[in-house]
Amino acid sequence: MGIVAGLDSSSAFSRVVVCDADTGTVVRQGYAQHPADPKATDVDPQAWLLSLGEAAAGGLLEGVQAIGVSAQQQGLVPLDQQGAPVRPALVGNDRRAQVAAAELIDALGGRHAWTEAVGSVPQAASPVSRLRWLAQHEPEAARRIAGLLQPHDWLVWQLLGRPERRTTDRGGASATGWWSAATGTYRSDLVELALGHPCGLPEVLGPADTAGTTPEGLLISAGTGETMAAAFGLGVGVGDAVVSLGASGSVMAVHHEALADPAGMITSYADATGMHLPVIHTLNAVRALRGTAEMLGVEDLGTLSDLAMKSTPGASGLVLLPYLEGERTPELPHAAGTLSGLRRESMRPEHLARAAFEGMLCSLADAMDVLRARGVQVRRVFLLGASADLPAVRAAAPAILGAQVVVPQPADYAAIGAARQAAWALGVSRGTLSPAAPPAWRPAALEVLEPGEDAAVGQAVRQQYGATRDQLHPGAFPAAPTGGGTGLGGNGAAVTYAVDSQGPANLGLGGLVP
């Protein structure tokens, strides 16, 4: 079928991969930094085009028949009546709209009302919250807004020559705060609630639909957000979960239906295949490791991992609840990290190092159990992030997460996912592929880690962690009562535990991370 290209525009750079449309083999690729500061929260969208042009220079797209686009999620590009941005795009981990998000939650009637409406609760970085902030703090610009796009929508529109028709996809739309993955419809009233007046919204395309054709004759697929594109590029399917290890963490899985969570812990995204992608975020993952390394005077995470490997599972009774920045899952915004189980024999650096790794993984396992409790199947876990290569993570993750763990080899999976979407749209347009089935590309190269005989040990670590969590934060998870009883365990199963009546010794760790 020829070759196709995937363009990925992240917050810091652009990547372009050119792939064989039938097999997914990468035949060439390009890369370029954005001219804008990657930490900027106000960015001229033209910077994205300049970076993509540089990444695709030197004839990289020669012979390409279709292009797919992925880009950073939750950005907001507000346009005037002529299609020009009324201000720079609002992007990145922007906390300015935190108050606006809280106001929107109250205005609709609380968290439950939002999850029922659009499957998610507004956060500071949500486009709907950014829009509310813009209306309050830049009213003149807000009054000029006639249309709203996200970064990948804007890039697709530019590649097509700025036609009258503007489009998006299910994945991108589900991250806005004004489109429901459950119903597949916009909630325009929520746009008006945030902005103060109605405005134009892009047409939501299906996974295999074509957004249009460029003046040069290249087919452009619907495009999608980076998260959805990366999952598509990895080949994530039903029964798979993806655990991402950044400073914060996330757990997502492919599911057959949207999940409305009254507690607001689950964000109900749509994926790039027509399925759904429920996601749970934690505020603390690798930042807990870095904080522990700093406290121990360890120079890097590799050394911390080596130190942890000198300890044994359970860290000699030490438990680290890694809520250093408060926590989102469970909802503990004012909590601090806690170290418990201190006894003379456990007060050694290697045990604290081990407790940090186990605490991070147990926290992510708690998040995964929230999905499992809602019927999401998890048979295999994709472990992503640089820290996935640490021996202490690899040694403990399969048993604590209660599933086979696979670590993909490094690749530009978001760009590959965008290219796969382009191949799908191209095949459908030619009648060689079905809109119901994407091209069967070669799967990502994976390193497989099995729980094996350590499964029972992992459950014991979860039990120790859960007992401490429930004693210090009773009711944090509805299924986890105070003291003895049953609570969240691996694979979503209940575990029975007893808590030392004297309670854990603990030290607040909330100020470790700058």
# chains A, B, ... in the order shown; residues from 1 in each chain; ligands from 1
>>> residues_around(residues="Gly6 in chain A", least_positions_apart="3", cutoff="9 Å", atoms="only C-alpha atoms", output="list in words")
Arg15, Val16, Val17, Val18, Cys19, Ala66, Ile67, Gly68, Val69, Ser70, Ala414, Ala415, Ile416, Gly417, Ala418, Ala419, Arg420, Gln421 and Ala422 of chain A
>>> write_last_selection(atoms="all heavy atoms", output="compact mmCIF listing (two decimals), in the first residue's frame")
# COMPACT_ATOMS: atom_id res chain seq x y z
N ARG A 15 8.49 14.95 16.23
CA ARG A 15 9.07 13.73 15.66
C ARG A 15 8.23 13.32 14.46
O ARG A 15 7.00 13.40 14.48
CB ARG A 15 9.10 12.60 16.68
CG ARG A 15 10.06 12.84 17.84
CD ARG A 15 10.22 11.56 18.67
NE ARG A 15 10.97 11.78 19.89
CZ ARG A 15 12.29 11.76 19.98
NH1 ARG A 15 13.00 11.52 18.89
NH2 ARG A 15 12.90 11.95 21.12
N VAL A 16 8.91 12.86 13.43
CA VAL A 16 8.26 12.36 12.23
C VAL A 16 8.78 10.97 11.94
O VAL A 16 10.01 10.75 11.92
CB VAL A 16 8.53 13.28 11.01
CG1 VAL A 16 7.83 12.73 9.77
CG2 VAL A 16 8.07 14.71 11.31
N VAL A 17 7.89 10.01 11.76
CA VAL A 17 8.30 8.67 11.33
C VAL A 17 7.59 8.35 10.03
O VAL A 17 6.42 8.70 9.84
CB VAL A 17 7.99 7.58 12.39
CG1 VAL A 17 8.76 7.83 13.67
CG2 VAL A 17 6.50 7.49 12.67
N VAL A 18 8.30 7.74 9.13
CA VAL A 18 7.73 7.26 7.87
C VAL A 18 7.75 5.74 7.92
O VAL A 18 8.80 5.13 8.17
CB VAL A 18 8.52 7.78 6.65
CG1 VAL A 18 7.96 7.20 5.36
CG2 VAL A 18 8.50 9.30 6.62
N CYS A 19 6.58 5.15 7.74
CA CYS A 19 6.42 3.70 7.95
C CYS A 19 5.85 3.02 6.71
O CYS A 19 5.08 3.63 5.94
CB CYS A 19 5.46 3.44 9.12
SG CYS A 19 5.97 4.14 10.69
N ALA A 66 -0.09 9.30 2.94
CA ALA A 66 -1.05 9.74 3.97
C ALA A 66 -0.28 10.14 5.21
O ALA A 66 0.81 9.61 5.49
CB ALA A 66 -2.05 8.64 4.29
N ILE A 67 -0.85 11.07 5.98
CA ILE A 67 -0.21 11.58 7.19
C ILE A 67 -1.21 11.54 8.34
O ILE A 67 -2.38 11.90 8.18
CB ILE A 67 0.28 13.03 6.98
CG1 ILE A 67 1.39 13.08 5.93
CG2 ILE A 67 0.76 13.64 8.29
CD1 ILE A 67 1.83 14.50 5.57
N GLY A 68 -0.72 11.11 9.50
CA GLY A 68 -1.48 11.21 10.74
C GLY A 68 -0.75 12.12 11.71
O GLY A 68 0.48 12.23 11.67
N VAL A 69 -1.50 12.78 12.57
CA VAL A 69 -0.93 13.76 13.50
C VAL A 69 -1.32 13.42 14.93
O VAL A 69 -2.50 13.15 15.21
CB VAL A 69 -1.42 15.18 13.17
CG1 VAL A 69 -0.87 16.19 14.18
CG2 VAL A 69 -1.02 15.58 11.76
N SER A 70 -0.35 13.43 15.82
CA SER A 70 -0.64 13.40 17.26
C SER A 70 0.03 14.61 17.88
O SER A 70 1.00 15.13 17.34
CB SER A 70 -0.14 12.11 17.92
OG SER A 70 1.26 12.13 18.10
N ALA A 414 4.11 7.45 19.89
CA ALA A 414 3.03 8.36 19.52
C ALA A 414 3.06 8.65 18.02
O ALA A 414 2.02 8.63 17.35
CB ALA A 414 3.14 9.66 20.32
N ALA A 415 4.24 8.89 17.48
CA ALA A 415 4.36 9.11 16.04
C ALA A 415 4.00 7.85 15.26
O ALA A 415 3.35 7.92 14.20
CB ALA A 415 5.78 9.56 15.69
N ILE A 416 4.39 6.69 15.76
CA ILE A 416 4.04 5.42 15.10
C ILE A 416 2.53 5.22 15.13
O ILE A 416 1.93 4.78 14.13
CB ILE A 416 4.78 4.25 15.77
CG1 ILE A 416 6.28 4.34 15.48
CG2 ILE A 416 4.22 2.91 15.29
CD1 ILE A 416 7.13 3.37 16.27
N GLY A 417 1.90 5.56 16.26
CA GLY A 417 0.45 5.45 16.33
C GLY A 417 -0.24 6.37 15.34
O GLY A 417 -1.25 6.01 14.71
N ALA A 418 0.28 7.58 15.19
CA ALA A 418 -0.28 8.51 14.20
C ALA A 418 -0.13 7.96 12.79
O ALA A 418 -1.03 8.07 11.95
CB ALA A 418 0.39 9.87 14.33
N ALA A 419 1.03 7.35 12.50
CA ALA A 419 1.24 6.75 11.18
C ALA A 419 0.31 5.57 10.95
O ALA A 419 -0.22 5.39 9.84
CB ALA A 419 2.70 6.31 11.05
N ARG A 420 0.08 4.79 11.99
CA ARG A 420 -0.83 3.64 11.85
C ARG A 420 -2.25 4.12 11.56
O ARG A 420 -2.98 3.53 10.76
CB ARG A 420 -0.80 2.81 13.13
CG ARG A 420 -1.52 1.48 13.02
CD ARG A 420 -1.45 0.69 14.32
NE ARG A 420 -2.13 -0.59 14.20
CZ ARG A 420 -2.54 -1.32 15.23
NH1 ARG A 420 -2.31 -0.89 16.47
NH2 ARG A 420 -3.14 -2.47 15.04
N GLN A 421 -2.65 5.23 12.21
CA GLN A 421 -3.96 5.80 11.92
C GLN A 421 -4.04 6.26 10.46
O GLN A 421 -5.06 6.06 9.78
CB GLN A 421 -4.24 6.97 12.86
CG GLN A 421 -5.64 7.54 12.70
CD GLN A 421 -5.79 8.88 13.38
OE1 GLN A 421 -5.19 9.86 12.95
NE2 GLN A 421 -6.57 8.93 14.45
N ALA A 422 -2.95 6.86 9.96
CA ALA A 422 -2.93 7.30 8.57
C ALA A 422 -3.07 6.11 7.62
O ALA A 422 -3.79 6.17 6.62
CB ALA A 422 -1.63 8.05 8.29
>>> closest_atom_pairs(of="range 181-279 of chain A", to="range 158-174 of chain A", cutoff="7 Å", atoms="only C-alpha atoms", output="tab-separated table")
residue	atom	partner	partner_atom	distance
A:Ala181	CA	A:Ser174	CA	5.7
A:Pro202	CA	A:Thr167	CA	4.5
A:Glu203	CA	A:Thr167	CA	4.5
A:Val204	CA	A:Asp169	CA	4.9
A:Leu205	CA	A:Asp169	CA	4.9
A:Gly206	CA	A:Asp169	CA	6.4
A:Ala211	CA	A:Thr167	CA	6.6
A:Gly212	CA	A:Leu160	CA	6.6
A:Thr213	CA	A:Leu160	CA	6.2
A:Thr214	CA	A:Leu160	CA	4.6
A:Pro215	CA	A:Leu160	CA	6.9
A:Ala222	CA	A:Asp169	CA	5.7
A:Gly223	CA	A:Asp169	CA	6.5
A:Thr224	CA	A:Gly172	CA	5.5
A:Gly225	CA	A:Gly172	CA	5.2
A:Met228	CA	A:Gly171	CA	6.3
A:Tyr269	CA	A:Ser174	CA	5.1
A:Ala270	CA	A:Gly171	CA	4.6
A:Asp271	CA	A:Gly171	CA	5.1
A:Ala272	CA	A:Gly171	CA	6.1
>>> write_last_selection(atoms="all heavy atoms", output="short mmCIF file (atom, residue, chain, number, x, y, z; two decimals), in the first residue's frame")
data_model
loop_
_atom_site.label_atom_id
_atom_site.label_comp_id
_atom_site.auth_asym_id
_atom_site.auth_seq_id
_atom_site.Cartn_x
_atom_site.Cartn_y
_atom_site.Cartn_z
N ALA A 181 -17.46 10.80 26.04
CA ALA A 181 -17.11 9.55 25.37
C ALA A 181 -18.24 8.54 25.48
O ALA A 181 -18.37 7.65 24.63
CB ALA A 181 -15.84 8.97 25.99
N PRO A 202 -15.17 21.70 16.60
CA PRO A 202 -14.84 20.89 15.42
C PRO A 202 -15.70 19.63 15.32
O PRO A 202 -16.17 19.08 16.32
CB PRO A 202 -13.37 20.54 15.64
CG PRO A 202 -13.18 20.61 17.12
CD PRO A 202 -14.08 21.70 17.60
N GLU A 203 -15.88 19.17 14.10
CA GLU A 203 -16.59 17.91 13.85
C GLU A 203 -15.75 16.75 14.37
O GLU A 203 -14.55 16.68 14.13
CB GLU A 203 -16.82 17.77 12.35
CG GLU A 203 -17.47 16.46 11.93
CD GLU A 203 -17.52 16.29 10.42
OE1 GLU A 203 -17.31 17.29 9.70
OE2 GLU A 203 -17.75 15.14 9.96
N VAL A 204 -16.39 15.84 15.10
CA VAL A 204 -15.69 14.69 15.68
C VAL A 204 -15.70 13.54 14.67
O VAL A 204 -16.76 13.01 14.33
CB VAL A 204 -16.33 14.26 17.00
CG1 VAL A 204 -15.55 13.08 17.60
CG2 VAL A 204 -16.36 15.42 17.99
N LEU A 205 -14.52 13.14 14.22
CA LEU A 205 -14.40 12.07 13.24
C LEU A 205 -14.24 10.71 13.91
O LEU A 205 -13.79 10.62 15.06
CB LEU A 205 -13.19 12.33 12.34
CG LEU A 205 -13.18 13.64 11.55
CD1 LEU A 205 -11.90 13.73 10.72
CD2 LEU A 205 -14.40 13.74 10.65
N GLY A 206 -14.54 9.66 13.17
CA GLY A 206 -14.31 8.31 13.63
C GLY A 206 -12.85 7.92 13.47
O GLY A 206 -12.08 8.60 12.77
N ALA A 211 -9.71 13.32 7.48
CA ALA A 211 -10.00 14.73 7.73
C ALA A 211 -10.05 15.52 6.43
O ALA A 211 -10.77 16.51 6.33
CB ALA A 211 -8.96 15.32 8.66
N GLY A 212 -9.29 15.08 5.44
CA GLY A 212 -9.27 15.77 4.16
C GLY A 212 -8.01 15.43 3.39
O GLY A 212 -7.25 14.52 3.74
N THR A 213 -7.78 16.19 2.33
CA THR A 213 -6.61 16.00 1.47
C THR A 213 -5.89 17.34 1.32
O THR A 213 -6.53 18.37 1.13
CB THR A 213 -7.03 15.48 0.08
OG1 THR A 213 -7.79 14.27 0.25
CG2 THR A 213 -5.82 15.18 -0.77
N THR A 214 -4.58 17.31 1.41
CA THR A 214 -3.80 18.54 1.29
C THR A 214 -3.82 19.05 -0.14
O THR A 214 -4.16 18.30 -1.08
CB THR A 214 -2.34 18.30 1.71
OG1 THR A 214 -1.70 17.50 0.71
CG2 THR A 214 -2.25 17.62 3.06
N PRO A 215 -3.45 20.31 -0.34
CA PRO A 215 -3.36 20.82 -1.71
C PRO A 215 -2.44 19.99 -2.60
O PRO A 215 -2.59 19.97 -3.82
CB PRO A 215 -2.82 22.24 -1.51
CG PRO A 215 -3.30 22.63 -0.14
CD PRO A 215 -3.23 21.37 0.66
N ALA A 222 -7.66 11.56 10.91
CA ALA A 222 -8.33 12.37 11.92
C ALA A 222 -7.36 12.99 12.92
O ALA A 222 -7.62 14.05 13.48
CB ALA A 222 -9.37 11.53 12.66
N GLY A 223 -6.22 12.31 13.19
CA GLY A 223 -5.31 12.76 14.24
C GLY A 223 -5.85 12.38 15.61
O GLY A 223 -6.99 11.92 15.75
N THR A 224 -5.02 12.55 16.64
CA THR A 224 -5.47 12.24 18.00
C THR A 224 -4.46 12.81 18.99
O THR A 224 -3.42 13.35 18.60
CB THR A 224 -5.64 10.72 18.19
OG1 THR A 224 -6.37 10.47 19.39
CG2 THR A 224 -4.30 10.00 18.25
N GLY A 225 -4.77 12.68 20.29
CA GLY A 225 -3.86 13.11 21.33
C GLY A 225 -2.70 12.14 21.51
O GLY A 225 -2.77 10.98 21.08
N MET A 228 -3.45 8.70 23.30
CA MET A 228 -4.18 7.75 22.45
C MET A 228 -3.29 7.23 21.32
O MET A 228 -3.31 6.03 20.99
CB MET A 228 -5.42 8.41 21.86
CG MET A 228 -6.44 8.87 22.88
SD MET A 228 -5.93 10.43 23.67
CE MET A 228 -7.20 10.60 24.91
N TYR A 269 -11.56 8.68 28.93
CA TYR A 269 -11.16 9.08 27.58
C TYR A 269 -11.68 8.06 26.56
O TYR A 269 -12.03 6.93 26.90
CB TYR A 269 -9.63 9.12 27.45
CG TYR A 269 -8.94 10.24 28.18
CD1 TYR A 269 -7.66 10.06 28.70
CD2 TYR A 269 -9.53 11.49 28.32
CE1 TYR A 269 -7.00 11.10 29.36
CE2 TYR A 269 -8.88 12.53 28.98
CZ TYR A 269 -7.61 12.32 29.49
OH TYR A 269 -6.96 13.34 30.14
N ALA A 270 -11.70 8.49 25.31
CA ALA A 270 -11.88 7.57 24.19
C ALA A 270 -10.51 7.27 23.61
O ALA A 270 -9.59 8.07 23.71
CB ALA A 270 -12.78 8.19 23.13
N ASP A 271 -10.35 6.09 23.00
CA ASP A 271 -9.05 5.76 22.42
C ASP A 271 -9.07 6.02 20.91
O ASP A 271 -10.00 6.63 20.38
CB ASP A 271 -8.66 4.31 22.76
CG ASP A 271 -9.34 3.26 21.89
OD1 ASP A 271 -10.34 3.58 21.21
OD2 ASP A 271 -8.86 2.11 21.89
N ALA A 272 -8.04 5.56 20.22
CA ALA A 272 -7.90 5.82 18.79
C ALA A 272 -8.46 4.70 17.93
O ALA A 272 -8.26 4.71 16.71
CB ALA A 272 -6.44 6.05 18.44
#
>>> closest_residue(among="A:Arg394, A:His281, A:His255, A:Arg132", to="His197 in chain A", atoms="only C-alpha atoms")
A:Arg132
>>> closest_residue(among="A:Tyr186, A:Trp157, A:Phe232, A:Phe357", to="Arg290 in chain A", atoms="only C-alpha atoms")
A:Phe357
>>> residues_around(residues="Pro438 in chain A", least_positions_apart="5", cutoff="12 Å", atoms="only C-alpha atoms", output="list of chain:residue names")
A:Ala21, A:Asp22, A:Thr23, A:Gly24, A:Pro207, A:Ala208, A:Asp209, A:Phe232, A:Gly233, A:Gly235, A:Gly237, A:Ala272, A:Thr273, A:Gly274, A:Gly417, A:Ala419, A:Arg420, A:Gln421, A:Ala422, A:Ala423, A:Trp424, A:Ala425, A:Leu426, A:Gly427, A:Val428, A:Thr432, A:Leu433
>>> closest_residue(among="A:Ala5, A:Ala392, A:Leu321, A:Leu352", to="Leu296 in chain A", atoms="only C-alpha atoms")
A:Leu352
>>> select_by_dssp(residues="range 236-322 of chain A", states="strand (DSSP E or B)", output="ChimeraX atom specification")
/A:238-245,249-255,266-270,276-282,319-321
